[in-house]
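With mmCIF, C-alpha atoms inside, this is final-v4.cif:
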```
data_input
#
loop_
_atom_site.label_atom_id
_atom_site.label_comp_id
_atom_site.auth_asym_id
_atom_site.auth_seq_id
_atom_site.Cartn_x
_atom_site.Cartn_y
_atom_site.Cartn_z
CA MET A 5 36.21 -65.19 1.81
CA TYR A 6 38.46 -63.19 4.11
CA ILE A 7 39.05 -64.35 7.70
CA GLU A 8 41.39 -62.37 9.91
CA ASP A 9 44.25 -64.15 11.70
CA ILE A 10 43.53 -67.53 10.10
CA ASN A 11 46.53 -69.84 10.25
CA PRO A 12 47.64 -71.53 6.98
CA ILE A 13 49.75 -74.01 9.00
CA ILE A 14 48.13 -77.03 10.66
CA PHE A 15 51.11 -77.88 12.89
CA THR A 16 54.89 -77.71 12.93
CA ILE A 17 57.53 -80.25 13.90
CA GLY A 18 60.86 -78.50 14.25
CA PRO A 19 61.63 -76.75 10.96
CA LEU A 20 58.89 -78.70 9.13
CA ALA A 21 55.40 -77.29 8.76
CA LEU A 22 52.27 -79.00 7.45
CA ARG A 23 50.11 -76.49 5.61
CA TRP A 24 46.47 -76.82 4.68
CA TYR A 25 47.41 -76.21 1.05
CA GLY A 26 49.88 -79.10 1.04
CA LEU A 27 47.44 -81.41 2.82
CA MET A 28 44.61 -80.70 0.38
CA PHE A 29 46.93 -81.14 -2.57
CA ALA A 30 48.18 -84.47 -1.21
CA ILE A 31 44.62 -85.74 -0.69
CA SER A 32 43.81 -84.72 -4.26
CA VAL A 33 46.77 -86.68 -5.64
CA LEU A 34 45.86 -89.77 -3.63
CA SER A 35 42.24 -89.53 -4.78
CA GLY A 36 43.34 -89.23 -8.39
CA PHE A 37 45.58 -92.29 -8.01
CA TYR A 38 42.76 -94.29 -6.42
CA PHE A 39 40.26 -93.63 -9.21
CA MET A 40 42.81 -94.04 -12.00
CA ARG A 41 44.03 -97.34 -10.57
CA LYS A 42 40.52 -98.64 -9.91
CA HIS A 43 39.28 -98.05 -13.43
CA GLY A 44 42.60 -98.15 -15.30
CA ILE A 45 43.23 -101.82 -14.54
CA ARG A 46 39.91 -102.65 -16.21
CA LYS A 47 41.27 -101.01 -19.35
CA GLU A 48 44.42 -103.14 -19.18
CA ILE A 49 46.67 -100.37 -17.93
CA SER A 50 49.13 -101.86 -15.46
CA GLU A 51 49.60 -100.53 -11.95
CA ASP A 52 53.23 -99.65 -12.71
CA GLN A 53 52.11 -97.60 -15.70
CA ILE A 54 49.49 -95.85 -13.60
CA ILE A 55 52.04 -94.99 -10.89
CA THR A 56 54.45 -93.61 -13.49
CA LEU A 57 51.64 -91.67 -15.16
CA ILE A 58 50.52 -90.09 -11.88
CA ALA A 59 54.10 -89.10 -11.03
CA LEU A 60 54.72 -87.55 -14.46
CA ILE A 61 51.37 -85.75 -14.48
CA MET A 62 51.93 -84.31 -11.01
CA ILE A 63 55.39 -83.01 -11.87
CA ALA A 64 54.25 -81.51 -15.16
CA LEU A 65 51.07 -80.13 -13.59
CA ILE A 66 52.96 -78.35 -10.82
CA VAL A 67 55.64 -76.98 -13.15
CA GLY A 68 53.12 -75.79 -15.73
CA ALA A 69 50.68 -74.36 -13.20
CA ARG A 70 53.41 -72.51 -11.30
CA ALA A 71 55.06 -71.22 -14.47
CA VAL A 72 51.84 -69.66 -15.76
CA TYR A 73 51.01 -68.21 -12.33
CA VAL A 74 54.46 -66.63 -12.05
CA ILE A 75 54.27 -65.21 -15.59
CA VAL A 76 50.83 -63.69 -14.98
CA ASN A 77 52.03 -62.19 -11.67
CA TRP A 78 55.56 -61.36 -12.81
CA SER A 79 55.52 -57.85 -11.36
CA TYR A 80 55.19 -59.43 -7.91
CA PHE A 81 57.78 -62.20 -8.37
CA ALA A 82 60.30 -60.00 -10.18
CA VAL A 83 61.19 -58.37 -6.87
CA ARG A 84 60.71 -61.61 -4.88
CA PRO A 85 62.41 -64.30 -7.01
CA GLU A 86 63.02 -66.49 -3.95
CA LEU A 87 59.25 -67.07 -3.74
CA ILE A 88 58.93 -68.54 -7.23
CA ILE A 89 59.46 -72.10 -5.96
CA ARG A 90 57.33 -71.69 -2.82
CA ILE A 91 54.30 -73.58 -4.10
CA ASP A 92 53.51 -74.57 -0.51
CA GLN A 93 52.18 -71.04 -0.07
CA GLY A 94 49.77 -71.42 -2.98
CA GLY A 95 49.76 -69.93 -6.43
CA LEU A 96 49.00 -72.50 -9.15
CA ALA A 97 47.24 -71.63 -12.42
CA PHE A 98 44.78 -74.30 -13.53
CA HIS A 99 45.28 -73.78 -17.25
CA GLY A 100 49.06 -74.02 -16.94
CA GLY A 101 48.66 -77.26 -15.01
CA LEU A 102 46.22 -78.54 -17.63
CA ILE A 103 48.69 -77.91 -20.45
CA GLY A 104 51.55 -79.51 -18.52
CA GLY A 105 49.50 -82.55 -17.53
CA ILE A 106 48.17 -83.09 -21.05
CA LEU A 107 51.61 -82.84 -22.64
CA ALA A 108 53.36 -85.14 -20.15
CA SER A 109 50.61 -87.78 -20.19
CA TRP A 110 50.32 -87.71 -23.99
CA LEU A 111 54.05 -88.25 -24.45
CA TYR A 112 54.10 -91.13 -21.98
CA CYS A 113 50.99 -92.78 -23.42
CA ARG A 114 52.42 -92.51 -26.91
CA ALA A 115 55.66 -94.16 -25.79
CA GLN A 116 53.76 -96.94 -23.97
CA LYS A 117 51.13 -97.34 -26.70
CA ILE A 118 48.30 -96.48 -24.30
CA ASN A 119 45.11 -94.77 -25.46
CA TRP A 120 45.63 -91.24 -24.12
CA ARG A 121 41.95 -90.35 -24.37
CA GLU A 122 41.05 -93.15 -21.98
CA VAL A 123 43.69 -91.94 -19.52
CA ALA A 124 42.34 -88.38 -19.76
CA ASP A 125 38.86 -89.59 -18.84
CA LEU A 126 40.27 -91.50 -15.85
CA ALA A 127 41.97 -88.34 -14.57
CA VAL A 128 38.78 -86.29 -14.33
CA PRO A 129 37.63 -87.36 -10.82
CA GLY A 130 41.01 -86.59 -9.27
CA VAL A 131 41.21 -83.19 -10.96
CA ALA A 132 37.67 -82.28 -9.88
CA ILE A 133 38.41 -83.29 -6.28
CA GLY A 134 41.64 -81.28 -6.47
CA ILE A 135 39.77 -78.16 -7.57
CA ALA A 136 37.28 -78.51 -4.72
CA LEU A 137 39.89 -79.14 -2.00
CA VAL A 138 42.57 -76.67 -3.12
CA ARG A 139 40.02 -73.85 -3.21
CA VAL A 140 39.23 -74.64 0.44
CA ALA A 141 42.97 -74.43 1.17
CA ASN A 142 42.99 -71.02 -0.52
CA ILE A 143 40.82 -69.78 2.35
CA PHE A 144 43.59 -70.60 4.84
CA ASN A 145 46.18 -68.92 2.60
CA GLN A 146 43.89 -65.89 2.23
CA GLU A 147 44.24 -65.89 -1.55
CA ILE A 148 41.80 -66.00 -4.47
CA LEU A 149 39.86 -63.30 -2.62
CA GLY A 150 36.57 -62.01 -3.95
CA ARG A 151 35.77 -58.42 -4.81
CA GLU A 152 34.14 -56.18 -2.25
CA ALA A 153 30.45 -55.64 -2.96
CA ALA A 154 28.17 -53.00 -1.45
CA LEU A 155 24.99 -54.92 -2.24
CA PHE A 156 26.23 -58.37 -1.26
CA PHE A 157 25.38 -60.21 1.97
CA PHE A 158 29.03 -60.13 3.09
CA GLU A 159 31.82 -57.62 2.72
CA ARG A 160 33.24 -59.49 -0.26
CA HIS A 161 32.37 -62.50 -2.43
CA PRO A 162 33.59 -65.90 -1.08
CA THR A 163 35.17 -66.85 -4.40
CA GLN A 164 37.10 -69.73 -2.83
CA ILE A 165 33.74 -71.32 -1.98
CA TYR A 166 32.46 -70.61 -5.49
CA GLY A 167 35.51 -72.37 -6.93
CA SER A 168 35.17 -75.33 -4.57
CA LEU A 169 31.50 -75.80 -5.47
CA ILE A 170 32.46 -75.75 -9.14
CA GLY A 171 34.75 -78.71 -8.50
CA VAL A 172 31.99 -80.57 -6.65
CA ALA A 173 29.47 -79.85 -9.43
CA LEU A 174 31.86 -81.10 -12.12
CA LEU A 175 32.58 -84.28 -10.15
CA LEU A 176 28.86 -85.01 -9.81
CA MET A 177 28.30 -84.31 -13.50
CA HIS A 178 31.17 -86.61 -14.47
CA ASN A 179 29.88 -89.44 -12.26
CA TYR A 180 26.38 -89.08 -13.71
CA LEU A 181 27.59 -89.18 -17.30
CA ALA A 182 30.01 -92.06 -16.67
CA ARG A 183 27.34 -94.24 -15.04
CA ASN A 184 24.42 -93.61 -17.37
CA ARG A 185 25.97 -93.98 -20.81
CA ASP A 186 29.00 -95.29 -22.68
CA TYR A 187 31.00 -92.54 -24.37
CA SER A 188 33.88 -92.61 -26.78
CA PRO A 189 37.27 -92.15 -25.05
CA GLY A 190 38.08 -88.51 -24.42
CA TYR A 191 34.49 -87.27 -24.27
CA LEU A 192 34.32 -87.10 -20.48
CA PHE A 193 37.64 -85.24 -20.28
CA TRP A 194 36.79 -82.54 -22.82
CA ASN A 195 33.28 -82.24 -21.37
CA PHE A 196 34.96 -81.55 -18.01
CA VAL A 197 37.30 -78.95 -19.55
CA LEU A 198 34.32 -77.26 -21.21
CA GLY A 199 32.28 -77.22 -17.99
CA TYR A 200 35.12 -75.90 -15.86
CA THR A 201 36.02 -73.20 -18.36
CA LEU A 202 32.45 -71.96 -18.54
CA LEU A 203 31.78 -72.01 -14.80
CA ARG A 204 35.08 -70.47 -13.81
CA GLY A 205 34.91 -67.76 -16.46
CA LEU A 206 31.32 -66.82 -15.68
CA ILE A 207 31.28 -67.19 -11.90
CA GLU A 208 34.63 -67.37 -10.13
CA GLU A 209 36.53 -64.94 -12.36
CA THR A 210 33.66 -62.45 -12.45
CA PHE A 211 33.68 -61.98 -8.68
CA ARG A 212 37.37 -62.65 -8.02
CA GLU A 213 39.64 -59.76 -7.12
CA ASN A 214 41.82 -59.96 -10.22
CA PRO A 215 43.30 -57.09 -12.22
CA LEU A 216 41.55 -56.46 -15.52
CA ILE A 217 43.29 -56.90 -18.86
CA LEU A 218 43.51 -53.95 -21.27
CA TRP A 219 40.02 -52.69 -20.61
CA GLY A 220 36.94 -53.77 -18.75
CA TYR A 221 34.24 -52.91 -16.27
CA ILE A 222 33.87 -53.27 -12.52
CA SER A 223 30.59 -52.92 -10.64
CA GLU A 224 31.44 -51.81 -7.11
CA ALA A 225 27.81 -52.39 -6.07
CA TRP A 226 27.77 -56.07 -7.06
CA GLY A 227 31.48 -56.75 -6.87
CA ALA A 228 31.57 -58.00 -10.46
CA GLY A 229 34.27 -57.32 -13.03
CA PHE A 230 35.51 -58.36 -16.48
CA PHE A 231 37.77 -59.08 -18.35
CA THR A 232 40.50 -60.92 -16.44
CA THR A 233 43.34 -62.92 -17.97
CA VAL A 234 41.39 -66.18 -17.62
CA GLN A 235 38.26 -64.66 -19.15
CA LEU A 236 40.31 -63.41 -22.07
CA PHE A 237 41.32 -66.99 -22.96
CA THR A 238 37.98 -68.57 -22.04
CA PRO A 239 36.41 -68.32 -25.54
CA PHE A 240 39.41 -70.04 -27.15
CA ILE A 241 39.28 -72.95 -24.68
CA ILE A 242 35.52 -73.28 -25.18
CA VAL A 243 35.95 -73.46 -28.95
CA LEU A 244 38.75 -76.03 -28.57
CA SER A 245 36.66 -78.16 -26.18
CA LEU A 246 33.61 -78.09 -28.46
CA TYR A 247 35.78 -78.99 -31.44
CA MET A 248 37.33 -81.95 -29.60
CA ILE A 249 33.92 -83.16 -28.40
CA ARG A 250 32.56 -82.94 -31.93
CA LEU A 251 35.58 -84.77 -33.31
CA ILE A 252 35.22 -87.56 -30.73
CA GLN A 253 31.50 -87.94 -31.45
CA ARG A 254 32.21 -88.31 -35.16
CA ARG A 255 34.74 -91.05 -34.47
#
```
What is this structure when it is put down as structure tokens?
Amino acid sequence: MYIEDINPIIFTIGPLALRWYGLMFAISVLSGFYFMRKHGIRKEISEDQIITLIALIMIALIVGARAVYVIVNWSYFAVRPELIIRIDQGGLAFHGGLIGGILASWLYCRAQKINWREVADLAVPGVAIGIALVRVANIFNQEILGREAALFFFERHPTQIYGSLIGVALLLMHNYLARNRDYSPGYLFWNFVLGYTLLRGLIEETFRENPLILWGYISEAWGAGFFTTVQLFTPFIIVLSLYMIRLIQRR
């Protein structure tokens, strides 16, 4: 969705500026903390451990997500190195954040003798809310734009809205599964990873204005294209998710 002259800043106080991206990210973090604390205490995870976990996950998530985004868009940042740390302007790669969050949380849980798979399940609501809200913030930053399409209702696909709806759908699916059946620890997390990978690869990435990798096809009429960097790695993540789900079910 492209809106001319939209302001990414909510308000400024002197040299400080509150951006929509920062606000949505902060709400996502607070939501994740709320759900993890609410259900984590029932699993005998202390509030101090939850606070430390959230802090470590957020740091690792941001570092990992930004690192992957910068690497993928290195031609842009190579001539603008001062923008590498400007995460307030957007530019976080989900899969990089996923890797960072998994690694940091796994190391901490191992040190504290906490079941990591239970923690991963508890993190799903916050991550889903984050996906939904950050994609809305992308509208204000005028990023994650969709491809132009001659046969579409609008000039270009509103891929930010597609991405936000994916987050909402995954949150609803998680809540339904969590309330209607008991699953082995880790199932809800890997089910979420599988769902997000499929939906993003098939919907958001198909209509998102991303450069293609090596070779591919773009339909100017429908504004659809493949393969992007994310789509290239999608099959591997799907196989990994299915393997982990199968392994958890066997246990």
Counting only C-alpha atoms, which residues of stretch 45-125 of chain A fall within 12 Å of stretch 130-145 of chain A, and what is the closest atom pair for each with its distance in Å at one decimal, ordered by chain and rising number, as a tab-separated table?
```
residue	atom	partner	partner_atom	distance
A:Ile58	CA	A:Gly130	CA	10.5
A:Ile61	CA	A:Val131	CA	11.1
A:Met62	CA	A:Val131	CA	10.8
A:Leu65	CA	A:Val131	CA	10.7
A:Ile91	CA	A:Asn145	CA	11.5
A:Asp92	CA	A:Asn145	CA	9.8
A:Gln93	CA	A:Asn145	CA	6.9
A:Gly94	CA	A:Asn145	CA	7.1
A:Gly95	CA	A:Asn142	CA	9.1
A:Leu96	CA	A:Val138	CA	9.8
A:Ala97	CA	A:Ile135	CA	11.0
A:Phe98	CA	A:Ile135	CA	8.7
A:His99	CA	A:Ile135	CA	12.0
A:Gly101	CA	A:Val131	CA	10.3
A:Leu102	CA	A:Val131	CA	9.6
A:Gly105	CA	A:Val131	CA	10.6
A:Val123	CA	A:Gly130	CA	11.9
A:Ala124	CA	A:Val131	CA	10.3
A:Asp125	CA	A:Gly130	CA	10.3
```
Within 10 Å of A:Ala64, counting all atoms listed in the file, which residues show up once you throw out same-chain ones fewer than 5 positions away? Write them as a list in words, please. Ile58, Ala59, Ala69, Arg70, Gly100, Gly101, Leu102, Ile103, Gly104, Gly105, Ile106, Leu107, Ala108 and Ser109 of chain A
Within 7 Å of stretch 215-231 of chain A: each stretch 76-161 of chain A residue with its shortest pair, only C-alpha atoms, as JSON lines:
```
{"residue": "A:Arg151", "atom": "CA", "partner": "A:Gly227", "partner_atom": "CA", "distance": 5.0}
{"residue": "A:Glu152", "atom": "CA", "partner": "A:Gly227", "partner_atom": "CA", "distance": 5.4}
{"residue": "A:Ala153", "atom": "CA", "partner": "A:Gly227", "partner_atom": "CA", "distance": 4.2}
{"residue": "A:Ala154", "atom": "CA", "partner": "A:Ala225", "partner_atom": "CA", "distance": 4.7}
{"residue": "A:Leu155", "atom": "CA", "partner": "A:Ala225", "partner_atom": "CA", "distance": 5.4}
{"residue": "A:Phe156", "atom": "CA", "partner": "A:Trp226", "partner_atom": "CA", "distance": 6.4}
```
Close residues, stretch 112-114 of chain A itself excluded, 10 Å, only C-alpha atoms, min 5 positions apart in chain, as a short mmCIF file (atom, residue, chain, number, x, y, z; two decimals) with C-alpha atoms, in the coordinates of the input:
```
data_model
loop_
_atom_site.label_atom_id
_atom_site.label_comp_id
_atom_site.auth_asym_id
_atom_site.auth_seq_id
_atom_site.Cartn_x
_atom_site.Cartn_y
_atom_site.Cartn_z
CA GLN A 53 52.11 -97.60 -15.70
CA THR A 56 54.45 -93.61 -13.49
CA LEU A 57 51.64 -91.67 -15.16
CA LEU A 60 54.72 -87.55 -14.46
CA ILE A 61 51.37 -85.75 -14.48
CA LEU A 107 51.61 -82.84 -22.64
CA ASN A 119 45.11 -94.77 -25.46
CA TRP A 120 45.63 -91.24 -24.12
CA ARG A 121 41.95 -90.35 -24.37
CA VAL A 123 43.69 -91.94 -19.52
#
```
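Closest approach to A:Gly205 among A:Thr238, A:Gln253, A:Ser188, A:Asn179 is made by A:Thr238 (distances from only C-alpha atoms).
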Check which residues satisfy the PyMOL selection byres ((chain A and resi 194-197) around 9) in the file shown, then give them as a PyMOL selection string. chain A and resi 124-125+128+132+174-175+177-178+190-193+198-202+241-242+244-246+248-249
Correct to one decimal, the distance atom CA of A:Glu209-atom CA of A:Ala173 is 16.8 Å
Nearest residue to A:Arg90 from the set A:Met40, A:Leu34, A:Leu149, A:Val74 (distances using all atoms listed in the file):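 Ranking A:Met40, A:Leu34, A:Leu149, A:Val74 by distance to A:Arg90, first place goes to A:Val74.
For the residues A:Arg255, A:Leu206, A:Phe158, A:Val234, ranking by smallest atom-to-atom distance to A:Ile7 using all atoms listed in the file places A:Phe158 first.
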So which one's closest to A:Thr163, A:Ile207, A:Leu126, A:Ile55, A:Leu111? Using only C-alpha atoms, please. A:Ile207
Straight-line distance linking atom CA of A:Arg84 with atom CA of A:Glu213, stated in Å to one decimal: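 Separating atom CA of A:Arg84 from atom CA of A:Glu213 is a distance of 21.3 Å.
Of the residues listed (A:Ala21, A:Ser50, A:Glu8, A:Tyr187), A:Ser50 shows the shortest atom-to-atom separation from A:Gln116; distances use all atoms listed in the file.
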Of the residues A:Pro162, A:Gly26, A:Gly167, A:Pro129, which is the one nearest to A:Tyr180, using all atoms listed in the file? A:Pro129
To one decimal place, how far is atom CA of A:Ile89 from atom CA of A:Leu20 in Å?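 The value is 16.5 Å.
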Check which residues satisfy the PyMOL selection byres ((chain A and resi 14) around 7) in the file shown, then give them as an MDAnalysis selection string. chainID A and resid 12:13 15 22:24
With 6 Å on each side, where is the centre of the axis-aligned box around all listed atoms of stretch 163-172 of chain A, and how long are its edges in Å to one decimal, as JSON?
```
{"center_x": 34.3, "center_y": -73.7, "center_z": -5.6, "size_x": 17.6, "size_y": 25.7, "size_z": 19.2}
```
Output stretch 163-215 of chain A from the block with C-alpha atoms, as a compact mmCIF listing (two decimals), in the first residue's frame?
```txt
# COMPACT_ATOMS: atom_id res chain seq x y z
CA THR A 163 1.35 -6.32 0.84
CA GLN A 164 1.66 -4.69 4.27
CA ILE A 165 -2.01 -5.53 4.84
CA TYR A 166 -1.46 -9.06 3.54
CA GLY A 167 1.39 -9.50 6.03
CA SER A 168 -0.64 -8.06 8.91
CA LEU A 169 -3.56 -10.39 8.19
CA ILE A 170 -1.14 -13.32 8.18
CA GLY A 171 -0.14 -12.39 11.73
CA VAL A 172 -3.78 -12.16 12.80
CA ALA A 173 -4.62 -15.51 11.18
CA LEU A 174 -1.69 -17.24 12.89
CA LEU A 175 -2.67 -15.78 16.27
CA LEU A 176 -6.24 -17.05 15.88
CA MET A 177 -4.98 -20.47 14.79
CA HIS A 178 -2.62 -20.65 17.78
CA ASN A 179 -5.38 -19.70 20.23
CA TYR A 180 -7.72 -22.30 18.74
CA LEU A 181 -5.15 -25.09 18.96
CA ALA A 182 -4.01 -24.12 22.47
CA ARG A 183 -7.56 -24.09 23.86
CA ASN A 184 -8.95 -27.21 22.23
CA ARG A 185 -6.23 -29.78 22.80
CA ASP A 186 -3.11 -30.52 24.82
CA TYR A 187 0.02 -30.75 22.69
CA SER A 188 3.55 -31.82 23.44
CA PRO A 189 5.87 -28.85 24.14
CA GLY A 190 7.19 -27.28 20.96
CA TYR A 191 4.30 -28.32 18.72
CA LEU A 192 2.57 -24.93 18.77
CA PHE A 193 5.83 -23.11 18.00
CA TRP A 194 6.83 -25.23 15.01
CA ASN A 195 3.23 -25.23 13.77
CA PHE A 196 3.42 -21.42 13.84
CA VAL A 197 6.74 -21.41 11.95
CA LEU A 198 5.26 -23.75 9.35
CA GLY A 199 2.12 -21.64 8.92
CA TYR A 200 4.01 -18.37 8.66
CA THR A 201 6.52 -19.76 6.18
CA LEU A 202 3.78 -21.08 3.92
CA LEU A 203 1.59 -17.98 4.03
CA ARG A 204 4.42 -15.51 3.62
CA GLY A 205 6.06 -17.46 0.81
CA LEU A 206 2.83 -17.98 -1.11
CA ILE A 207 1.08 -14.66 -0.51
CA GLU A 208 3.20 -11.79 0.78
CA GLU A 209 6.39 -12.60 -1.11
CA THR A 210 4.54 -13.34 -4.35
CA PHE A 211 3.06 -9.85 -4.53
CA ARG A 212 5.83 -7.94 -2.75
CA GLU A 213 8.12 -5.70 -4.76
CA ASN A 214 11.30 -7.68 -4.13
CA PRO A 215 14.14 -8.37 -6.56
```
